[in-house]
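Shown next: final_30.txt, given as compact mmCIF, C-alpha atoms.
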```
# COMPACT_ATOMS: atom_id res chain seq x y z
CA MET A 26 184.44 135.79 125.50
CA ILE A 27 184.77 138.68 123.10
CA LEU A 28 186.53 141.19 125.31
CA GLU A 29 188.48 141.23 128.53
CA CYS A 30 189.84 144.26 130.36
CA ARG A 31 192.52 143.51 132.93
CA ASN A 32 193.47 146.05 135.56
CA LEU A 33 193.00 149.04 133.30
CA THR A 34 194.23 152.35 134.60
CA LYS A 35 194.21 155.75 132.94
CA THR A 36 195.33 158.95 134.56
CA TYR A 37 194.59 162.48 133.43
CA ARG A 38 196.68 165.21 135.04
CA GLY A 39 197.43 163.08 138.05
CA LYS A 40 193.78 162.14 138.57
CA LYS A 41 192.74 158.56 137.93
CA ALA A 42 189.95 158.47 135.33
CA VAL A 43 189.92 154.68 135.34
CA ALA A 44 191.52 152.77 138.18
CA ASP A 45 192.53 149.11 138.13
CA LEU A 46 189.38 148.15 136.30
CA SER A 47 188.75 144.57 135.16
CA LEU A 48 185.71 143.26 133.35
CA SER A 49 184.82 140.89 130.58
CA LEU A 50 182.13 140.77 127.91
CA GLU A 51 180.62 137.65 126.41
CA ASN A 52 179.54 137.38 122.85
CA GLY A 53 175.95 138.24 121.93
CA LYS A 54 174.90 140.06 125.09
CA ILE A 55 173.75 143.56 125.97
CA TYR A 56 175.68 145.23 128.77
CA GLY A 57 174.96 148.42 130.64
CA LEU A 58 177.65 150.77 131.90
CA LEU A 59 176.31 152.90 134.72
CA GLY A 60 177.76 155.70 136.75
CA GLU A 61 177.67 159.42 137.29
CA ASN A 62 179.13 161.95 134.91
CA GLY A 63 182.90 161.84 135.08
CA SER A 64 182.96 158.35 136.61
CA GLY A 65 185.15 157.00 133.83
CA LYS A 66 182.60 155.37 131.53
CA THR A 67 183.63 157.31 128.45
CA THR A 68 187.34 156.84 129.11
CA LEU A 69 186.78 153.10 129.44
CA MET A 70 184.87 152.94 126.16
CA LYS A 71 187.51 155.01 124.39
CA MET A 72 190.22 152.66 125.61
CA ILE A 73 188.31 149.67 124.29
CA ALA A 74 187.78 151.51 121.00
CA GLY A 75 191.53 152.06 120.80
CA LEU A 76 191.18 155.84 120.94
CA VAL A 77 192.86 156.24 124.30
CA LYS A 78 195.85 154.25 125.44
CA PRO A 79 195.70 152.75 128.92
CA ALA A 80 198.55 153.71 131.24
CA GLU A 81 198.45 150.27 132.80
CA GLY A 82 196.66 147.01 132.26
CA GLU A 83 195.64 145.26 129.09
CA ILE A 84 192.68 144.72 126.82
CA LEU A 85 192.19 141.34 125.21
CA TYR A 86 189.99 140.99 122.16
CA HIS A 87 189.05 137.38 121.48
CA GLY A 88 191.91 136.45 123.75
CA HIS A 89 194.69 138.43 122.07
CA PRO A 90 195.94 141.90 123.02
CA LEU A 91 193.85 144.55 121.29
CA GLU A 92 195.57 145.66 118.12
CA TYR A 93 195.01 148.03 115.26
CA ARG A 94 193.22 145.45 113.11
CA ASP A 95 190.56 144.86 115.77
CA LYS A 96 189.37 148.44 115.46
CA ALA A 97 187.54 147.39 112.32
CA HIS A 98 185.25 145.19 114.43
CA ILE A 99 184.59 147.62 117.24
CA ALA A 100 182.17 150.50 116.81
CA TYR A 101 182.09 153.35 119.26
CA MET A 102 179.50 156.09 119.26
CA SER A 103 180.57 159.10 121.27
CA THR A 104 178.20 161.50 122.99
CA GLU A 105 179.37 164.37 120.77
CA PRO A 106 178.04 164.58 117.22
CA PHE A 107 180.59 163.33 114.72
CA TYR A 108 179.39 165.25 111.70
CA TYR A 109 179.38 168.87 110.63
CA ASP A 110 176.37 171.13 110.45
CA TYR A 111 176.50 171.49 106.69
CA MET A 112 176.28 167.73 106.15
CA LYS A 113 173.19 166.07 104.84
CA VAL A 114 172.13 162.59 105.94
CA SER A 115 173.55 161.22 102.69
CA ASP A 116 176.91 162.95 103.35
CA VAL A 117 177.10 161.26 106.73
CA GLY A 118 176.60 157.94 104.93
CA ARG A 119 179.39 158.70 102.44
CA TYR A 120 181.71 159.92 105.21
CA TYR A 121 181.19 156.71 107.15
CA GLU A 122 181.59 154.59 104.06
CA ASP A 123 185.01 156.17 103.43
CA PHE A 124 186.09 155.61 106.98
CA PHE A 125 184.89 152.14 107.78
CA GLU A 126 185.25 149.03 105.71
CA ASP A 127 182.39 147.28 107.45
CA PHE A 128 179.96 150.13 106.77
CA ASP A 129 176.93 148.87 104.86
CA ARG A 130 175.51 151.77 102.84
CA LYS A 131 172.36 149.94 101.82
CA TYR A 132 171.67 149.00 105.39
CA PHE A 133 172.28 152.59 106.50
CA GLN A 134 169.63 153.72 104.04
CA ASP A 135 167.19 151.11 105.42
CA LEU A 136 167.77 152.34 108.95
CA ILE A 137 167.38 155.97 107.94
CA GLY A 138 164.04 155.11 106.35
CA LYS A 139 162.93 153.14 109.35
CA PHE A 140 163.74 156.10 111.58
CA GLY A 141 161.78 158.48 109.38
CA LEU A 142 164.84 160.43 108.25
CA GLU A 143 165.52 161.46 104.67
CA GLU A 144 168.78 161.51 102.76
CA GLY A 145 168.42 165.19 101.94
CA MET A 146 167.95 166.39 105.52
CA LYS A 147 170.64 168.67 106.88
CA ALA A 148 172.29 167.91 110.20
CA LYS A 149 171.90 171.48 111.41
CA ASP A 150 168.11 171.40 110.95
CA MET A 151 167.60 168.24 112.96
CA SER A 152 166.01 167.93 116.38
CA THR A 153 167.98 166.24 119.17
CA GLY A 154 165.97 163.06 118.63
CA MET A 155 166.64 163.06 114.89
CA SER A 156 170.37 163.58 115.25
CA ALA A 157 170.53 160.88 117.93
CA LYS A 158 168.83 158.51 115.48
CA LEU A 159 171.22 159.50 112.69
CA LYS A 160 174.21 158.78 114.93
CA ILE A 161 172.85 155.38 115.90
CA ALA A 162 171.98 154.47 112.32
CA ALA A 163 175.48 155.36 111.13
CA THR A 164 177.09 153.44 113.98
CA LEU A 165 174.97 150.33 113.63
CA ALA A 166 175.28 150.28 109.85
CA ARG A 167 178.82 149.21 110.56
CA LYS A 168 178.18 145.55 111.15
CA SER A 169 180.62 145.52 114.03
CA GLU A 170 180.85 142.65 116.46
CA LEU A 171 181.16 144.98 119.40
CA CYS A 172 179.06 148.16 119.52
CA MET A 173 179.65 150.68 122.24
CA LEU A 174 177.09 153.43 122.50
CA ASP A 175 177.85 156.29 124.85
CA GLU A 176 174.58 157.76 126.12
CA PRO A 177 172.45 156.77 123.12
CA LEU A 178 169.22 157.85 124.87
CA ASN A 179 170.27 161.11 126.43
CA GLY A 180 168.14 164.14 125.62
CA VAL A 181 166.02 162.14 123.21
CA ASP A 182 162.23 162.37 123.31
CA TYR A 183 160.14 159.37 124.28
CA LYS A 184 159.21 158.20 120.81
CA ALA A 185 162.73 158.40 119.41
CA ARG A 186 163.99 156.63 122.51
CA GLU A 187 161.61 153.75 121.93
CA GLU A 188 162.69 153.56 118.28
CA ILE A 189 166.36 153.50 119.22
CA ILE A 190 165.82 150.78 121.81
CA ALA A 191 163.82 148.70 119.31
CA LEU A 192 166.67 148.94 116.82
CA ILE A 193 169.24 147.90 119.42
CA LEU A 194 167.12 144.89 120.37
CA GLU A 195 166.75 143.91 116.76
CA GLU A 196 170.47 144.21 116.11
CA ALA A 197 171.73 142.55 119.28
CA ASP A 198 171.73 138.96 118.07
CA ASP A 199 174.24 136.22 118.80
CA LYS A 200 176.79 137.86 116.51
CA ARG A 201 176.83 141.29 118.11
CA THR A 202 177.64 142.49 121.59
CA PHE A 203 176.48 145.84 122.95
CA LEU A 204 177.88 148.02 125.67
CA LEU A 205 175.59 150.95 126.49
CA SER A 206 176.26 153.76 128.89
CA THR A 207 173.25 155.64 130.16
CA HIS A 208 171.75 157.63 132.99
CA LEU A 209 168.28 156.43 132.11
CA ILE A 210 168.31 153.26 134.16
CA ASP A 211 164.55 152.67 133.95
CA GLU A 212 164.78 152.63 130.18
CA ILE A 213 167.23 149.75 130.00
CA GLU A 214 165.94 147.71 132.93
CA SER A 215 163.98 145.18 130.88
CA PHE A 216 166.63 144.28 128.32
CA VAL A 217 170.15 144.75 129.69
CA GLU A 218 171.62 141.42 130.75
CA LYS A 219 174.44 142.58 132.91
CA ALA A 220 175.25 146.00 134.34
CA PHE A 221 178.59 147.38 135.45
CA PHE A 222 178.54 150.07 138.10
CA ILE A 223 181.42 152.51 137.86
CA LYS A 224 182.35 155.05 140.48
CA SER A 225 185.45 157.26 140.45
CA GLY A 226 186.96 155.08 137.75
CA GLU A 227 186.53 151.87 139.68
CA LEU A 228 184.23 148.98 138.97
CA ILE A 229 182.02 148.77 142.07
CA LYS A 230 179.85 145.88 141.01
CA GLY A 231 178.79 143.71 138.12
CA MET A 232 175.13 142.71 138.26
CA ASP A 233 173.40 139.97 136.35
CA LEU A 234 169.89 141.44 136.19
CA GLU A 235 167.67 138.37 135.93
CA ALA A 236 169.73 136.42 138.48
CA GLU A 237 169.51 139.33 140.91
CA ARG A 238 165.74 139.61 140.48
CA MET A 239 165.44 135.89 141.04
CA ALA A 240 167.69 135.85 144.11
CA SER A 241 166.76 139.04 145.91
CA GLY A 242 163.82 140.58 144.06
CA ARG A 243 165.87 143.69 143.44
CA SER A 244 165.76 145.68 140.24
CA LEU A 245 168.58 147.52 138.54
CA THR A 246 167.24 150.77 139.99
CA ASP A 247 167.16 149.29 143.51
CA VAL A 248 170.75 148.15 143.29
CA TYR A 249 171.88 151.42 141.72
CA MET A 250 170.31 153.44 144.53
CA ASP A 251 171.93 151.17 147.11
CA ILE A 252 175.49 151.25 145.96
CA MET A 253 176.02 154.47 144.04
CA MET B 23 154.33 146.06 128.59
CA GLU B 24 154.71 147.36 132.14
CA TYR B 25 157.03 145.20 134.17
CA ASN B 26 157.46 144.63 137.84
CA THR B 27 161.21 145.21 137.71
CA GLY B 28 161.83 143.25 140.89
CA MET B 29 160.61 140.03 139.26
CA PRO B 30 162.37 138.08 136.51
CA ILE B 31 161.34 139.63 133.23
CA TYR B 32 161.24 136.35 131.32
CA LEU B 33 158.61 134.94 133.70
CA GLN B 34 156.45 138.02 133.24
CA VAL B 35 156.57 137.69 129.47
CA ILE B 36 155.69 133.99 129.71
CA HIS B 37 152.73 134.93 131.90
CA GLU B 38 151.60 137.47 129.33
CA LEU B 39 151.89 134.96 126.48
CA LYS B 40 149.95 132.36 128.47
CA LYS B 41 147.20 134.92 128.98
CA LYS B 42 147.12 135.58 125.26
CA MET B 43 146.72 131.88 124.63
CA VAL B 44 143.86 131.57 127.10
CA LYS B 45 142.15 134.65 125.65
CA GLY B 46 142.47 133.26 122.16
CA GLU B 47 144.80 136.00 120.94
CA LEU B 48 147.33 133.27 120.26
CA LYS B 49 145.56 130.34 118.65
CA PRO B 50 146.45 126.63 118.61
CA GLY B 51 149.04 125.96 115.93
CA GLU B 52 149.64 129.64 115.25
CA LYS B 53 153.17 130.73 114.44
CA MET B 54 154.71 132.80 117.21
CA PRO B 55 156.95 135.83 116.60
CA SER B 56 160.62 135.14 115.86
CA ASN B 57 163.10 135.66 118.69
CA ARG B 58 163.99 139.00 117.17
CA ASP B 59 160.38 140.17 116.92
CA LEU B 60 159.53 138.91 120.38
CA ALA B 61 162.52 140.85 121.73
CA VAL B 62 161.34 144.10 120.16
CA LEU B 63 157.70 143.50 121.09
CA TYR B 64 158.43 142.96 124.77
CA LYS B 65 161.55 145.15 125.04
CA VAL B 66 163.76 142.24 126.08
CA ASN B 67 167.04 141.05 124.61
CA GLN B 68 167.13 138.17 122.16
CA ASN B 69 168.70 135.81 124.68
CA THR B 70 165.73 136.37 126.98
CA ALA B 71 163.40 135.83 124.03
CA ALA B 72 165.09 132.49 123.32
CA ARG B 73 164.86 131.58 126.99
CA ILE B 74 161.15 132.37 127.02
CA TYR B 75 160.52 129.99 124.12
CA ARG B 76 162.76 127.29 125.60
CA GLU B 77 160.88 127.47 128.86
CA MET B 78 157.46 127.46 127.19
CA GLU B 79 158.48 124.54 125.06
CA THR B 80 159.57 122.56 128.11
CA ARG B 81 156.15 123.14 129.63
CA GLY B 82 154.42 122.11 126.43
CA TYR B 83 152.87 125.48 125.57
CA CYS B 84 154.60 125.64 122.22
CA PHE B 85 156.91 123.68 119.95
CA THR B 86 159.67 124.49 117.53
CA LYS B 87 160.03 123.37 113.95
CA ARG B 88 163.69 123.59 113.18
CA GLY B 89 164.48 126.38 110.79
CA ILE B 90 160.84 127.47 110.57
CA GLY B 91 159.94 128.87 113.94
CA THR B 92 158.01 128.42 117.15
CA PHE B 93 154.33 127.49 117.12
CA VAL B 94 151.57 127.50 119.71
CA SER B 95 150.70 123.98 120.86
CA GLU B 96 147.81 122.36 119.03
CA GLU B 97 146.55 120.37 122.02
CA GLU B 98 143.16 121.63 123.17
CA GLU B 99 143.57 120.16 126.66
CA MET B 100 146.65 122.26 127.16
CA PHE B 101 144.55 125.41 126.72
CA GLU B 102 141.99 124.20 129.23
CA ASP B 103 144.70 123.30 131.72
CA LEU B 104 146.30 126.66 131.20
CA LYS B 105 143.06 128.49 131.85
CA LYS B 106 142.46 126.52 135.04
CA GLU B 107 146.01 127.04 136.16
CA MET B 108 145.85 130.80 135.66
CA ALA B 109 142.47 131.06 137.36
CA GLY B 110 143.86 129.00 140.22
CA GLU B 111 146.76 131.38 140.58
CA LEU B 112 144.47 134.42 140.74
CA LEU B 113 142.19 132.71 143.24
CA ARG B 114 145.05 131.65 145.44
CA ASN B 115 146.33 135.22 145.64
CA PHE B 116 142.87 136.65 146.17
CA ILE B 117 141.91 134.20 148.92
CA HIS B 118 145.25 134.67 150.57
CA GLU B 119 144.79 138.45 150.65
CA MET B 120 141.19 138.18 151.86
CA GLU B 121 142.14 135.78 154.63
CA ASP B 122 144.85 138.20 155.60
CA LEU B 123 142.12 140.78 156.10
CA GLY B 124 140.26 138.32 158.31
CA TYR B 125 137.59 137.08 155.90
CA GLU B 126 136.51 133.45 155.96
CA LYS B 127 135.13 131.37 153.13
CA ASP B 128 131.46 132.31 153.47
CA ASP B 129 132.24 135.99 153.98
CA ILE B 130 134.39 135.95 150.89
CA ILE B 131 131.61 134.38 148.82
CA SER B 132 129.03 136.89 150.01
CA GLN B 133 131.50 139.71 149.38
CA ILE B 134 131.86 138.53 145.80
CA GLU B 135 128.09 138.32 145.37
CA ASP B 136 127.60 141.80 146.80
CA TYR B 137 130.29 143.15 144.53
CA LYS B 138 128.79 141.59 141.43
CA GLU B 139 125.37 142.96 142.46
CA GLU B 140 126.77 146.50 142.80
CA GLN B 141 128.45 146.27 139.42
CA LYS B 142 125.19 145.59 137.62
```
For the structure just supplied, provide its representation as structure tokens.
Amino acid sequence: MILECRNLTKTYRGKKAVADLSLSLENGKIYGLLGENGSGKTTLMKMIAGLVKPAEGEILYHGHPLEYRDKAHIAYMSTEPFYYDYMKVSDVGRYYEDFFEDFDRKYFQDLIGKFGLEEGMKAKDMSTGMSAKLKIAATLARKSELCMLDEPLNGVDYKAREEIIALILEEADDKRTFLLSTHLIDEIESFVEKAFFIKSGELIKGMDLEAERMASGRSLTDVYMDIM
Amino acid sequence: MEYNTGMPIYLQVIHELKKKMVKGELKPGEKMPSNRDLAVLYKVNQNTAARIYREMETRGYCFTKRGIGTFVSEEEEMFEDLKKEMAGELLRNFIHEMEDLGYEKDDIISQIEDYKEEQK
């Protein structure tokens, strides 16, 4: 087990963003985090990334309480862009290289090429699809054990979406674990192994996709429609 | 590939690969994609890709050379069996559906003949 959340709670202005939430992630799997806007998905990811401190509960990373050092192995991609308009693709690479020890510059350049981006392109001139790809490339070029991507497919055109998914599938080997949040359930149906359904900060259900299909013939979409 | 999302994905990929073998798109002894490539090709995760190969190996459709990769079986009979098996599956479903509609054996055969005639 790479990560375990026990009874996590986070309150913002008296309102519970995450409430008594427990879940665990095994090494080398792709997980989906599903729920409406404001259901607590982002807060949960930020807590795991060490960006937000839980009010209650604990997070165990490889069995020990999450500590500063672990941050180096956990990548989190937020929904907001992390770079400035004036930056070129190459600046984003340098910026990341300064920030993260595990950032692999050469690999970043490979990914950029694969995605059809160029080092000289400016962030402000990019389409939504291009900047989504840039964000993913920068995040995955950190060879982190745990990669959390918050809405990696949102607002991205079909072709870029397929490219992003292909890259995730390539990268998600037995050494890397992925946690993806998305609204596009159909898009992740064929490759997510387990989905967590979050509603009002609470974990409603964990679903093992292939086992559910085998047992009840229900898809991720079917279950989502039923319980959310 | 379009999936029926209510059915296990790994079984659907196996079915697709079997079809490729019967159609000769995957030839005896041919090297199959790596787990990673299979995952990307069929939009599944790498654990599912590994499961697909494990399952196919158990059934004798392919074999693994350690450290080199997975290969399509070289046994000709396996291909013939596979073809028969897949045809059998299609027939079983078809007959079942036709019988559901009230057709009996002879009606079904004449229906097929009529259909083939119209297609000419």
Show me, as JSON lines, the residues of chain A having an atom within 10 Å of chain B, each with the closest atom pair and its distance in Å, using only C-alpha atoms.
```
{"residue": "A:Gly53", "atom": "CA", "partner": "B:Asn69", "partner_atom": "CA", "distance": 8.1}
{"residue": "A:Lys54", "atom": "CA", "partner": "B:Asn69", "partner_atom": "CA", "distance": 7.5}
{"residue": "A:Ile55", "atom": "CA", "partner": "B:Asn67", "partner_atom": "CA", "distance": 7.3}
{"residue": "A:Glu187", "atom": "CA", "partner": "B:Lys65", "partner_atom": "CA", "distance": 9.1}
{"residue": "A:Glu188", "atom": "CA", "partner": "B:Val62", "partner_atom": "CA", "distance": 9.7}
{"residue": "A:Ile190", "atom": "CA", "partner": "B:Lys65", "partner_atom": "CA", "distance": 7.8}
{"residue": "A:Ala191", "atom": "CA", "partner": "B:Val62", "partner_atom": "CA", "distance": 5.3}
{"residue": "A:Leu192", "atom": "CA", "partner": "B:Val62", "partner_atom": "CA", "distance": 7.9}
{"residue": "A:Ile193", "atom": "CA", "partner": "B:Val62", "partner_atom": "CA", "distance": 8.8}
{"residue": "A:Leu194", "atom": "CA", "partner": "B:Asn67", "partner_atom": "CA", "distance": 5.7}
{"residue": "A:Glu195", "atom": "CA", "partner": "B:Arg58", "partner_atom": "CA", "distance": 5.6}
{"residue": "A:Glu196", "atom": "CA", "partner": "B:Arg58", "partner_atom": "CA", "distance": 8.4}
{"residue": "A:Ala197", "atom": "CA", "partner": "B:Gln68", "partner_atom": "CA", "distance": 7.0}
{"residue": "A:Asp198", "atom": "CA", "partner": "B:Gln68", "partner_atom": "CA", "distance": 6.2}
{"residue": "A:Asp199", "atom": "CA", "partner": "B:Asn69", "partner_atom": "CA", "distance": 8.1}
{"residue": "A:Asp211", "atom": "CA", "partner": "B:Thr27", "partner_atom": "CA", "distance": 9.0}
{"residue": "A:Glu212", "atom": "CA", "partner": "B:Lys65", "partner_atom": "CA", "distance": 9.6}
{"residue": "A:Ile213", "atom": "CA", "partner": "B:Lys65", "partner_atom": "CA", "distance": 8.8}
{"residue": "A:Glu214", "atom": "CA", "partner": "B:Thr27", "partner_atom": "CA", "distance": 7.2}
{"residue": "A:Ser215", "atom": "CA", "partner": "B:Val66", "partner_atom": "CA", "distance": 5.6}
{"residue": "A:Phe216", "atom": "CA", "partner": "B:Val66", "partner_atom": "CA", "distance": 4.2}
{"residue": "A:Val217", "atom": "CA", "partner": "B:Asn67", "partner_atom": "CA", "distance": 7.0}
{"residue": "A:Glu218", "atom": "CA", "partner": "B:Asn67", "partner_atom": "CA", "distance": 7.7}
{"residue": "A:Leu234", "atom": "CA", "partner": "B:Pro30", "partner_atom": "CA", "distance": 8.2}
{"residue": "A:Glu235", "atom": "CA", "partner": "B:Pro30", "partner_atom": "CA", "distance": 5.3}
{"residue": "A:Ala236", "atom": "CA", "partner": "B:Pro30", "partner_atom": "CA", "distance": 7.8}
{"residue": "A:Glu237", "atom": "CA", "partner": "B:Pro30", "partner_atom": "CA", "distance": 8.5}
{"residue": "A:Arg238", "atom": "CA", "partner": "B:Met29", "partner_atom": "CA", "distance": 5.3}
{"residue": "A:Met239", "atom": "CA", "partner": "B:Pro30", "partner_atom": "CA", "distance": 5.9}
{"residue": "A:Ala240", "atom": "CA", "partner": "B:Pro30", "partner_atom": "CA", "distance": 9.5}
{"residue": "A:Ser241", "atom": "CA", "partner": "B:Gly28", "partner_atom": "CA", "distance": 8.2}
{"residue": "A:Gly242", "atom": "CA", "partner": "B:Gly28", "partner_atom": "CA", "distance": 4.6}
{"residue": "A:Arg243", "atom": "CA", "partner": "B:Gly28", "partner_atom": "CA", "distance": 4.8}
{"residue": "A:Ser244", "atom": "CA", "partner": "B:Gly28", "partner_atom": "CA", "distance": 4.7}
{"residue": "A:Leu245", "atom": "CA", "partner": "B:Thr27", "partner_atom": "CA", "distance": 7.8}
{"residue": "A:Thr246", "atom": "CA", "partner": "B:Thr27", "partner_atom": "CA", "distance": 8.5}
{"residue": "A:Asp247", "atom": "CA", "partner": "B:Gly28", "partner_atom": "CA", "distance": 8.5}
```
Closest of A:Gly57, A:Pro90, A:Gly75, A:Glu83 to Asn32 in chain A, counting all atoms listed in the file, is A:Glu83
* In Å to one decimal, how far is CA of Ala74 in chain A from CA of Tyr56 in chain A? ->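 CA of Ala74 in chain A lies 15.7 Å from CA of Tyr56 in chain A.
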Practice prompt. Would you list the residues near (165.7, 160.7, 119.9) (no more than 10 Å away, in the coordinates of the file, using all atoms listed in the file) as a VMD selection string?
Written response: chain A and resid 140 152 to 159 161 177 to 189
Would you save the residues from that selection as a tab-separated table (two decimals), in the coordinates of the input, using C-alpha atoms?
```tsv
chain	number	residue	atom	x	y	z
A	140	PHE	CA	163.74	156.10	111.58
A	152	SER	CA	166.01	167.93	116.38
A	153	THR	CA	167.98	166.24	119.17
A	154	GLY	CA	165.97	163.06	118.63
A	155	MET	CA	166.64	163.06	114.89
A	156	SER	CA	170.37	163.58	115.25
A	157	ALA	CA	170.53	160.88	117.93
A	158	LYS	CA	168.83	158.51	115.48
A	159	LEU	CA	171.22	159.50	112.69
A	161	ILE	CA	172.85	155.38	115.90
A	177	PRO	CA	172.45	156.77	123.12
A	178	LEU	CA	169.22	157.85	124.87
A	179	ASN	CA	170.27	161.11	126.43
A	180	GLY	CA	168.14	164.14	125.62
A	181	VAL	CA	166.02	162.14	123.21
A	182	ASP	CA	162.23	162.37	123.31
A	183	TYR	CA	160.14	159.37	124.28
A	184	LYS	CA	159.21	158.20	120.81
A	185	ALA	CA	162.73	158.40	119.41
A	186	ARG	CA	163.99	156.63	122.51
A	187	GLU	CA	161.61	153.75	121.93
A	188	GLU	CA	162.69	153.56	118.28
A	189	ILE	CA	166.36	153.50	119.22
```
- Write out as a ChimeraX atom specification which residues come within 10 Å of Ser95 in chain B when counting all atoms listed in the file, dropping same-chain ones fewer than 6 positions away. /B:43,48-53,78-79,82-86,101
Students should find that CA of Leu112 in chain B and CA of Val35 in chain B are spaced 16.9 Å
### Query
Using all atoms listed in the file, which residue out of B:Gln133, B:Ser56, B:Asn115, B:Gln34 lies closest to Lys87 in chain B?
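Result for the nearest residue to Lys87 in chain B: B:Ser56.
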Check your understanding: Within 9 Å of (193.8, 142.9, 123.5), only C-alpha atoms: residues as a VMD selection string?
Key -> chain A and resid 28 to 30 73 83 to 92 95
Counting only C-alpha atoms, closest pick from B:Lys45, B:Tyr137, B:Glu99, B:Thr92 relative to Arg76 in chain B is B:Thr92
Computed gap from CA of Lys41 in chain A to CA of Glu81 in chain A is 11.3 Å
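The environment of Thr164 in chain A within 8 Å, counting all atoms listed in the file and disregarding residues fewer than 4 places along the same chain, consists of A:Ala100, A:Tyr101, A:Met102, A:Lys160, A:Cys172.
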### Task
Write out as a list of chain:residue names the residues lying within 8 Å of His208 in chain A, counting all atoms listed in the file and excluding same-chain residues fewer than 5 positions away.
A:Leu59, A:Gly60, A:Glu61, A:Glu176, A:Asn179
* Exercise: Phe221 in chain A partners within 7 Å, all atoms listed in the file, chain neighbours under 6 positions left out, as a ChimeraX atom specification -> /A:57-59,228,230-232
Among A:Ile27, A:Thr207, A:Met173, A:Ala97, Met70 in chain A is approached most closely, using all atoms listed in the file, by A:Met173
